[in-house]
$ cat final28.cif   # mmCIF, C-alpha atoms and all ligand atoms
data_start
loop_
_atom_site.label_atom_id
_atom_site.label_comp_id
_atom_site.auth_asym_id
_atom_site.auth_seq_id
_atom_site.Cartn_x
_atom_site.Cartn_y
_atom_site.Cartn_z
CA MET A 578 -21.17 33.74 -38.52
CA ASN A 579 -20.01 34.92 -35.16
CA ASP A 580 -22.77 34.89 -32.50
CA ALA A 581 -22.99 38.28 -30.88
CA VAL A 582 -21.88 37.36 -27.34
CA ASP A 583 -23.78 39.51 -24.89
CA LYS A 584 -21.22 41.39 -22.79
CA THR A 585 -23.65 43.70 -21.06
CA PRO A 586 -22.94 43.66 -17.33
CA TRP A 587 -25.69 42.12 -15.19
CA SER A 588 -27.54 44.49 -12.92
CA LYS A 589 -26.95 43.81 -9.19
CA ASN A 590 -30.25 41.92 -9.04
CA GLU A 591 -29.43 39.87 -12.15
CA PHE A 592 -25.93 39.14 -10.76
CA LYS A 593 -27.43 38.07 -7.42
CA ALA A 594 -29.90 35.80 -9.27
CA GLN A 595 -26.95 34.22 -11.13
CA LEU A 596 -25.21 33.57 -7.79
CA LEU A 597 -28.36 32.05 -6.30
CA GLY A 598 -28.67 29.85 -9.40
CA MET A 599 -25.41 28.12 -8.37
CA GLU A 600 -27.35 26.47 -5.52
CA ARG A 601 -27.80 23.48 -7.81
CA TYR A 602 -24.12 22.58 -7.20
CA TYR A 603 -24.28 22.98 -3.42
CA HIS A 604 -23.15 20.00 -1.35
CA ILE A 605 -26.64 19.67 0.17
CA HIS A 606 -27.30 17.72 -3.06
CA HIS A 607 -24.29 15.45 -2.63
CA PRO A 608 -25.35 11.81 -2.01
CA TYR A 609 -23.51 11.84 1.34
CA HIS A 610 -25.63 14.74 2.60
CA VAL A 611 -28.83 13.43 0.97
CA LEU A 612 -28.41 10.07 2.73
CA MET A 613 -27.48 11.93 5.97
CA ASN A 614 -30.64 14.01 5.75
CA GLU A 615 -32.72 10.87 5.08
CA GLY A 616 -31.36 9.25 8.25
CA LYS A 617 -29.57 6.55 6.27
CA LEU A 618 -26.05 6.95 7.67
CA ASN A 619 -24.71 4.74 10.42
CA GLU A 620 -22.78 5.96 13.45
CA ALA A 621 -19.36 5.44 11.82
CA GLN A 622 -20.43 7.46 8.74
CA ILE A 623 -21.67 10.33 10.94
CA ARG A 624 -18.51 10.22 13.07
CA GLY A 625 -16.32 10.16 9.95
CA TRP A 626 -18.09 13.24 8.60
CA VAL A 627 -17.73 15.19 11.87
CA ALA A 628 -14.04 14.22 12.26
CA ASN A 629 -13.26 15.29 8.67
CA ARG A 630 -15.27 18.51 8.77
CA TYR A 631 -13.25 19.48 11.86
CA TYR A 632 -10.34 20.16 9.49
CA TYR A 633 -12.53 22.52 7.43
CA GLN A 634 -13.67 24.34 10.59
CA ILE A 635 -10.14 24.95 11.96
CA CYS A 636 -9.01 26.23 8.53
CA ILE A 637 -11.82 28.79 8.16
CA PRO A 638 -10.25 31.35 10.56
CA ILE A 639 -6.86 30.81 8.87
CA LYS A 640 -8.55 31.49 5.52
CA ASP A 641 -10.25 34.58 6.94
CA ALA A 642 -6.97 35.84 8.43
CA ALA A 643 -5.36 35.47 4.97
CA ILE A 644 -8.13 37.63 3.51
CA MET A 645 -7.60 40.24 6.23
CA ALA A 646 -3.84 40.22 5.65
CA ASN A 647 -4.51 41.09 1.99
CA CYS A 648 -7.20 43.68 2.70
CA PRO A 649 -6.06 47.34 3.08
CA ASP A 650 -9.57 48.55 3.90
CA ARG A 651 -10.01 49.11 7.66
CA LYS A 652 -13.82 49.14 7.50
CA THR A 653 -13.87 45.74 5.78
CA ARG A 654 -11.34 44.28 8.24
CA ALA A 655 -13.34 45.58 11.21
CA LEU A 656 -16.30 43.52 9.96
CA TRP A 657 -14.37 40.50 8.63
CA ILE A 658 -12.58 39.94 11.97
CA GLN A 659 -15.95 38.84 13.43
CA ARG A 660 -15.61 35.59 11.47
CA ILE A 661 -12.30 34.77 13.14
CA LEU A 662 -13.56 35.61 16.62
CA GLU A 663 -16.68 33.49 16.10
CA HIS A 664 -14.65 30.43 15.14
CA ASP A 665 -11.64 30.80 17.46
CA GLY A 666 -13.62 32.20 20.37
CA HIS A 667 -13.09 35.42 22.31
CA ALA A 668 -13.68 36.75 25.83
CA ASP A 669 -16.07 34.24 27.44
CA ASN A 670 -17.30 32.88 24.07
CA PRO A 671 -15.52 29.53 23.44
CA GLY A 672 -16.25 29.82 19.68
CA GLY A 673 -17.38 27.59 16.82
CA ILE A 674 -14.36 25.29 16.73
CA GLU A 675 -15.01 24.42 20.36
CA ALA A 676 -18.69 23.87 19.48
CA TRP A 677 -17.60 21.58 16.64
CA ILE A 678 -15.50 19.53 19.09
CA GLN A 679 -18.63 19.33 21.26
CA LEU A 680 -20.47 17.98 18.19
CA GLY A 681 -17.67 15.42 17.85
CA GLN A 682 -18.08 14.36 21.45
CA ALA A 683 -21.87 14.27 20.99
CA VAL A 684 -21.45 11.71 18.19
CA GLY A 685 -19.08 9.60 20.29
CA LEU A 686 -15.61 10.88 19.35
CA GLY A 687 -13.02 11.77 22.01
CA ARG A 688 -11.54 15.28 22.04
CA GLU A 689 -8.04 13.93 21.33
CA GLU A 690 -9.10 11.86 18.30
CA ILE A 691 -10.86 14.92 16.84
CA VAL A 692 -8.06 17.46 17.35
CA SER A 693 -5.36 14.95 16.33
CA GLU A 694 -6.89 15.01 12.80
CA GLU A 695 -6.09 11.29 12.64
CA TYR A 696 -9.29 10.60 10.67
CA VAL A 697 -8.88 13.46 8.18
CA LEU A 698 -8.81 11.93 4.68
CA PRO A 699 -6.18 13.13 2.15
CA GLY A 700 -8.91 14.28 -0.25
CA VAL A 701 -10.56 16.36 2.47
CA ARG A 702 -7.23 17.89 3.48
CA PHE A 703 -6.29 18.72 -0.12
CA SER A 704 -9.69 20.30 -0.85
CA VAL A 705 -9.58 22.47 2.27
CA ASP A 706 -5.94 23.42 1.69
CA ALA A 707 -6.83 24.44 -1.88
CA TYR A 708 -9.43 26.84 -0.39
CA VAL A 709 -6.97 28.32 2.14
CA ASN A 710 -4.21 28.70 -0.47
CA PHE A 711 -6.66 30.34 -2.88
CA ALA A 712 -7.54 32.88 -0.16
CA ARG A 713 -3.84 33.54 0.47
CA ARG A 714 -2.96 34.39 -3.12
CA ALA A 715 -6.19 35.77 -4.63
CA ASP A 716 -7.24 39.43 -4.62
CA TRP A 717 -9.03 39.89 -1.26
CA HIS A 718 -12.35 40.73 -2.98
CA GLU A 719 -12.25 37.40 -4.85
CA ALA A 720 -11.32 35.48 -1.70
CA ALA A 721 -14.13 37.22 0.20
CA SER A 722 -16.68 36.37 -2.48
CA SER A 723 -15.66 32.70 -2.46
CA SER A 724 -17.29 32.46 0.99
CA LEU A 725 -20.70 32.99 -0.67
CA THR A 726 -21.44 29.26 -0.76
CA GLU A 727 -22.83 30.27 2.63
CA LEU A 728 -25.76 31.81 0.73
CA PHE A 729 -27.02 28.20 0.82
CA ALA A 730 -25.73 27.17 4.27
CA PRO A 731 -28.69 28.18 6.49
CA ASN A 732 -30.81 25.57 4.69
CA ILE A 733 -28.35 22.74 5.36
CA HIS A 734 -27.90 23.72 9.02
CA GLN A 735 -31.67 23.89 9.46
CA GLN A 736 -32.04 20.44 7.87
CA ARG A 737 -29.70 18.95 10.46
CA LEU A 738 -31.50 20.63 13.34
CA ASP A 739 -34.86 19.43 11.96
CA ASN A 740 -33.93 15.86 11.07
CA TRP A 741 -30.99 14.61 13.08
CA PRO A 742 -32.82 14.31 16.45
CA SER A 743 -35.34 11.83 14.96
CA HIS A 744 -32.91 10.12 12.54
CA TYR A 745 -29.97 9.93 14.97
CA PRO A 746 -31.45 9.90 18.49
CA TRP A 747 -28.10 8.55 19.78
CA VAL A 748 -26.47 11.97 19.17
CA ASP A 749 -26.26 13.98 22.39
CA LEU A 750 -28.39 17.16 22.00
CA LYS A 751 -25.45 19.29 23.24
CA GLY A 752 -23.91 18.67 19.82
CA TYR A 753 -26.46 20.84 18.01
CA LYS A 754 -25.06 24.11 19.34
CA TYR A 755 -22.84 24.63 16.29
CA PHE A 756 -25.63 24.33 13.71
CA ARG A 757 -27.85 26.74 15.69
CA LYS A 758 -24.96 29.20 16.01
CA ARG A 759 -24.22 29.15 12.27
CA LEU A 760 -27.86 29.85 11.28
CA SER A 761 -27.59 33.50 12.33
CA GLU A 762 -23.83 33.92 11.76
CA ALA A 763 -24.04 32.63 8.16
CA ARG A 764 -26.83 35.10 7.36
CA ARG A 765 -24.80 38.00 8.73
CA ASP A 766 -21.62 36.88 6.95
CA VAL A 767 -23.49 36.47 3.65
CA LYS A 768 -24.92 40.00 3.89
CA HIS A 769 -21.39 41.44 4.08
CA GLY A 770 -19.93 39.04 1.49
CA LEU A 771 -22.73 39.86 -0.95
CA GLU A 772 -22.24 43.60 -0.50
CA ILE A 773 -18.53 43.28 -1.34
CA THR A 774 -19.29 41.01 -4.31
CA LEU A 775 -22.12 42.99 -5.90
CA ASP A 776 -20.01 46.15 -5.66
CA TRP A 777 -16.69 44.77 -6.87
CA TYR A 778 -17.44 42.86 -10.07
CA ARG A 779 -18.49 45.48 -12.65
CA THR A 780 -17.97 44.12 -16.17
CA ARG A 781 -19.76 41.02 -17.44
CA GLU A 782 -16.40 39.29 -17.77
CA GLU A 783 -15.58 40.01 -14.09
CA GLN A 784 -19.06 38.84 -13.03
CA GLU A 785 -18.65 35.59 -14.95
CA LYS A 786 -15.21 35.14 -13.36
CA MET A 787 -16.87 35.41 -9.96
CA LEU A 788 -19.28 32.61 -10.89
CA SER A 789 -16.24 30.44 -11.68
CA ILE A 790 -14.69 31.37 -8.32
CA LEU A 791 -17.91 30.33 -6.59
CA LYS A 792 -17.91 27.08 -8.61
CA PHE A 793 -14.32 26.44 -7.37
CA LYS A 794 -15.54 26.73 -3.76
CA LEU A 795 -18.56 24.51 -4.52
CA ASP A 796 -16.05 21.99 -5.91
CA VAL A 797 -14.10 22.19 -2.61
CA LEU A 798 -17.22 21.24 -0.64
CA TRP A 799 -18.34 18.56 -3.14
CA THR A 800 -14.90 16.93 -3.28
CA MET A 801 -14.71 16.75 0.51
CA ALA A 802 -17.96 14.76 0.45
CA ASP A 803 -16.64 12.57 -2.42
CA SER A 804 -13.63 11.56 -0.29
CA MET A 805 -15.89 10.70 2.64
CA TYR A 806 -18.25 8.73 0.36
CA MET A 807 -15.39 6.59 -0.94
CA ALA A 808 -14.06 5.96 2.56
CA TYR A 809 -17.21 5.50 4.63
CA MET A 810 -19.91 4.36 2.13
CA HIS A 811 -17.75 2.24 -0.20
CA HIS A 812 -15.21 1.34 2.52
CA MET A 813 -12.47 2.32 0.08
CA PRO A 814 -10.25 4.86 1.92
CA PRO A 815 -6.87 5.53 0.29
CA TYR A 816 -4.76 2.32 0.06
CA TYR A 817 -7.60 0.12 1.39
CA ASN A 818 -6.46 -2.56 -1.09
CA ILE A 819 -2.74 -2.15 -0.41
CA ASP A 820 -2.34 -2.08 3.30
CA SER A 821 -4.58 -4.49 5.22
CA ASN A 822 -4.38 -2.65 8.54
CA ILE A 823 -5.87 0.61 7.09
O1 LIG B 1 -19.66 26.03 9.36
C1 LIG B 1 -19.38 26.66 8.19
C2 LIG B 1 -18.66 27.84 8.18
O2 LIG B 1 -18.23 28.38 9.33
C3 LIG B 1 -18.38 28.43 6.95
C4 LIG B 1 -17.60 29.66 6.67
C5 LIG B 1 -17.89 29.90 5.19
C6 LIG B 1 -16.67 30.31 4.41
O3 LIG B 1 -16.01 31.28 4.85
O4 LIG B 1 -16.41 29.69 3.35
N1 LIG B 1 -18.45 28.65 4.70
C7 LIG B 1 -18.83 27.88 5.76
C8 LIG B 1 -19.57 26.69 5.75
C9 LIG B 1 -19.85 26.08 7.01
N2 LIG B 1 -20.59 24.93 7.11
C10 LIG B 1 -20.84 24.16 5.92
C11 LIG B 1 -21.85 23.05 6.22
O5 LIG B 1 -22.34 22.43 5.30
O6 LIG B 1 -22.03 22.82 7.43
C12 LIG B 1 -21.22 25.08 4.79
C13 LIG B 1 -20.00 25.97 4.50
C14 LIG B 1 -20.23 26.79 3.26
O7 LIG B 1 -21.32 26.84 2.71
O8 LIG B 1 -19.22 27.32 2.72
#
$ encode --input "final28.cif" --output "structure tokens"
Amino acid sequence: MNDAVDKTPWSKNEFKAQLLGMERYYHIHHPYHVLMNEGKLNEAQIRGWVANRYYYQICIPIKDAAIMANCPDRKTRALWIQRILEHDGHADNPGGIEAWIQLGQAVGLGREEIVSEEYVLPGVRFSVDAYVNFARRADWHEAASSSLTELFAPNIHQQRLDNWPSHYPWVDLKGYKYFRKRLSEARRDVKHGLEITLDWYRTREEQEKMLSILKFKLDVLWTMADSMYMAYMHHMPPYYNIDSNI
């Protein structure tokens, strides 16, 4: 007996509720971030996270430029370009990547060791590159909607602003600029990303495909944290047992 599979498209509100339901996979629930939020990480584990996330930050504008290169719609590009300017900087605004380097310095890393990417783990690099390459080859609507993990980002930025100063008093307060900046930028980006998404996916099949695209991006974020957990919590970076001077 074949079960009648419901193929009725979700309404925009139902579709949005389905997207919000994916929060359960967000990396705020990853043990690395749970322990971070509980103040249980040591300085090396915080520094490792900041140094690795730097690679994600510098790839975001490249990802966004790939989306723009694939997008023929001027109105969309005129809005999407904001994301690149906010990360790379423009006019007298040094931008989010510069603010992330400031976070690195605030946790005790030197500018050179951050920008050299010498601490970036292979698993972090591969996860981020998978995201950039997806954005290069996917339909621009799909690439745009993959940024909607940021639906859940304001919460994780707020957590850091609320808890780091008491958990990690050794972090220079200048480092918090990035998290404050992203609180408002993420909300604005999500508004635009959601508009594109709720308009584009019409059939139930397309809507379910979008949920799998969002799950791919959630996997990118989760896998980055997995690589850091192996390296900095278990002290098992790649080849730790092969090459003693790792
Ligand atoms: O700092 C982050 C950022 O600039 C972005 C851009 C956006 C995208 O285009 O995929 N996603 C994102 C995220 C940022 N910070 C992450 C964090 O945990 O600090 C969250 C991440 C996201 O949710 O995708």
$ closest_residue --input "final28.cif" --among "A:Glu762, A:Glu615, A:Glu690, A:Asp716" --to "ligand LIG 1 (chain B)" --atoms "all atoms listed in the file"
A:Glu762
$ residues_around --input "final28.cif" --residues "stretch 721-729 of chain A" --least-positions-apart "3" --cutoff "7 Å" --atoms "all atoms listed in the file" --output "VMD selection string"
chain A and resid 600 644 717 to 718 732 763 767 770 774 790 to 791 794 to 795
$ write_last_selection --input "final28.cif" --atoms "C-alpha atoms" --output "mmCIF file, keeping the file's coordinate frame"
data_model
loop_
_atom_site.group_PDB
_atom_site.id
_atom_site.type_symbol
_atom_site.label_atom_id
_atom_site.label_comp_id
_atom_site.auth_asym_id
_atom_site.auth_seq_id
_atom_site.Cartn_x
_atom_site.Cartn_y
_atom_site.Cartn_z
ATOM 1 C CA GLU A 600 -27.350 26.470 -5.520
ATOM 2 C CA ILE A 644 -8.130 37.630 3.510
ATOM 3 C CA TRP A 717 -9.030 39.890 -1.260
ATOM 4 C CA HIS A 718 -12.350 40.730 -2.980
ATOM 5 C CA ASN A 732 -30.810 25.570 4.690
ATOM 6 C CA ALA A 763 -24.040 32.630 8.160
ATOM 7 C CA VAL A 767 -23.490 36.470 3.650
ATOM 8 C CA GLY A 770 -19.930 39.040 1.490
ATOM 9 C CA THR A 774 -19.290 41.010 -4.310
ATOM 10 C CA ILE A 790 -14.690 31.370 -8.320
ATOM 11 C CA LEU A 791 -17.910 30.330 -6.590
ATOM 12 C CA LYS A 794 -15.540 26.730 -3.760
ATOM 13 C CA LEU A 795 -18.560 24.510 -4.520
#
$ residues_around --input "final28.cif" --residues "A:Pro731" --least-positions-apart "3" --cutoff "9 Å" --atoms "all atoms listed in the file" --output "PDB file with C-alpha atoms, in the coordinates of the input"
ATOM      1  CA  GLU A 727     -22.830  30.270   2.630  1.00  0.00           C
ATOM      2  CA  LEU A 728     -25.760  31.810   0.730  1.00  0.00           C
ATOM      3  CA  HIS A 734     -27.900  23.720   9.020  1.00  0.00           C
ATOM      4  CA  GLN A 735     -31.670  23.890   9.460  1.00  0.00           C
ATOM      5  CA  GLN A 736     -32.040  20.440   7.870  1.00  0.00           C
ATOM      6  CA  PHE A 756     -25.630  24.330  13.710  1.00  0.00           C
ATOM      7  CA  ARG A 759     -24.220  29.150  12.270  1.00  0.00           C
ATOM      8  CA  LEU A 760     -27.860  29.850  11.280  1.00  0.00           C
ATOM      9  CA  SER A 761     -27.590  33.500  12.330  1.00  0.00           C
ATOM     10  CA  ALA A 763     -24.040  32.630   8.160  1.00  0.00           C
ATOM     11  CA  ARG A 764     -26.830  35.100   7.360  1.00  0.00           C
TER      12      ARG A 764
END
$ atom_distance --input "final28.cif" --atom1 "atom CA of A:Ala655" --atom2 "atom CA of A:Ile639"
16.3 Å
$ closest_residue --input "final28.cif" --among "A:Phe592, A:Tyr603, A:Tyr755, A:Phe793" --to "A:Gln679" --atoms "only C-alpha atoms"
A:Tyr755
$ residues_around --input "final28.cif" --residues "stretch 703-715 of chain A" --least-positions-apart "4" --cutoff "7 Å" --atoms "only C-alpha atoms" --output "compact mmCIF listing (two decimals) with C-alpha atoms, in the frame of the given file"
# COMPACT_ATOMS: atom_id res chain seq x y z
CA TYR A 633 -12.53 22.52 7.43
CA LYS A 640 -8.55 31.49 5.52
CA ALA A 643 -5.36 35.47 4.97
CA ILE A 644 -8.13 37.63 3.51
CA PRO A 699 -6.18 13.13 2.15
CA GLU A 719 -12.25 37.40 -4.85
CA ALA A 720 -11.32 35.48 -1.70
CA LYS A 794 -15.54 26.73 -3.76
CA VAL A 797 -14.10 22.19 -2.61
CA THR A 800 -14.90 16.93 -3.28
CA MET A 801 -14.71 16.75 0.51
$ closest_residue --input "final28.cif" --among "A:Arg630, A:Lys584, A:Lys768, A:Lys652" --to "A:Glu783" --atoms "all atoms listed in the file"
A:Lys584
$ atom_distance --input "final28.cif" --atom1 "atom CA of A:Glu620" --atom2 "atom CA of A:Gly685"
8.6 Å
$ atom_distance --input "final28.cif" --atom1 "atom CA of A:Tyr631" --atom2 "atom CA of A:Asp665"
12.7 Å
$ axis_aligned_box --input "final28.cif" --around "stretch 773-781 of chain A" --padding-each-side "5 Å" --output "JSON"
{"center_x": -19.4, "center_y": 43.6, "center_z": -9.4, "size_x": 15.4, "size_y": 15.1, "size_z": 26.1}
$ closest_residue --input "final28.cif" --among "A:Ala628, A:Leu597, A:Ile605, A:Leu788" --to "ligand LIG 1 (chain B)" --atoms "only C-alpha atoms and all ligand atoms"
A:Ile605
$ closest_residue --input "final28.cif" --among "A:Trp587, A:Trp741, A:Trp799, A:Tyr778" --to "ligand LIG 1 (chain B)" --atoms "only C-alpha atoms and all ligand atoms"
A:Trp799
$ closest_residue --input "final28.cif" --among "A:Leu596, A:Leu656, A:Met810, A:Ile661" --to "A:Leu771" --atoms "all atoms listed in the file"
A:Leu596
$ residues_near_point --input "final28.cif" --point "(-8.4, 40.4, 8.1)" --cutoff "7 Å" --atoms "only C-alpha atoms" --output "ChimeraX atom specification"
/A:641-646,648,654,657-658
$ residues_around --input "final28.cif" --residues "A:Val611" --least-positions-apart "5" --cutoff "12 Å" --atoms "only C-alpha atoms" --output "list in words"
Tyr603, His604, Ile605, His606, Gly616, Lys617, Leu618, Ile733, Gln736, Arg737, Asn740, Ala802 and Tyr806 of chain A
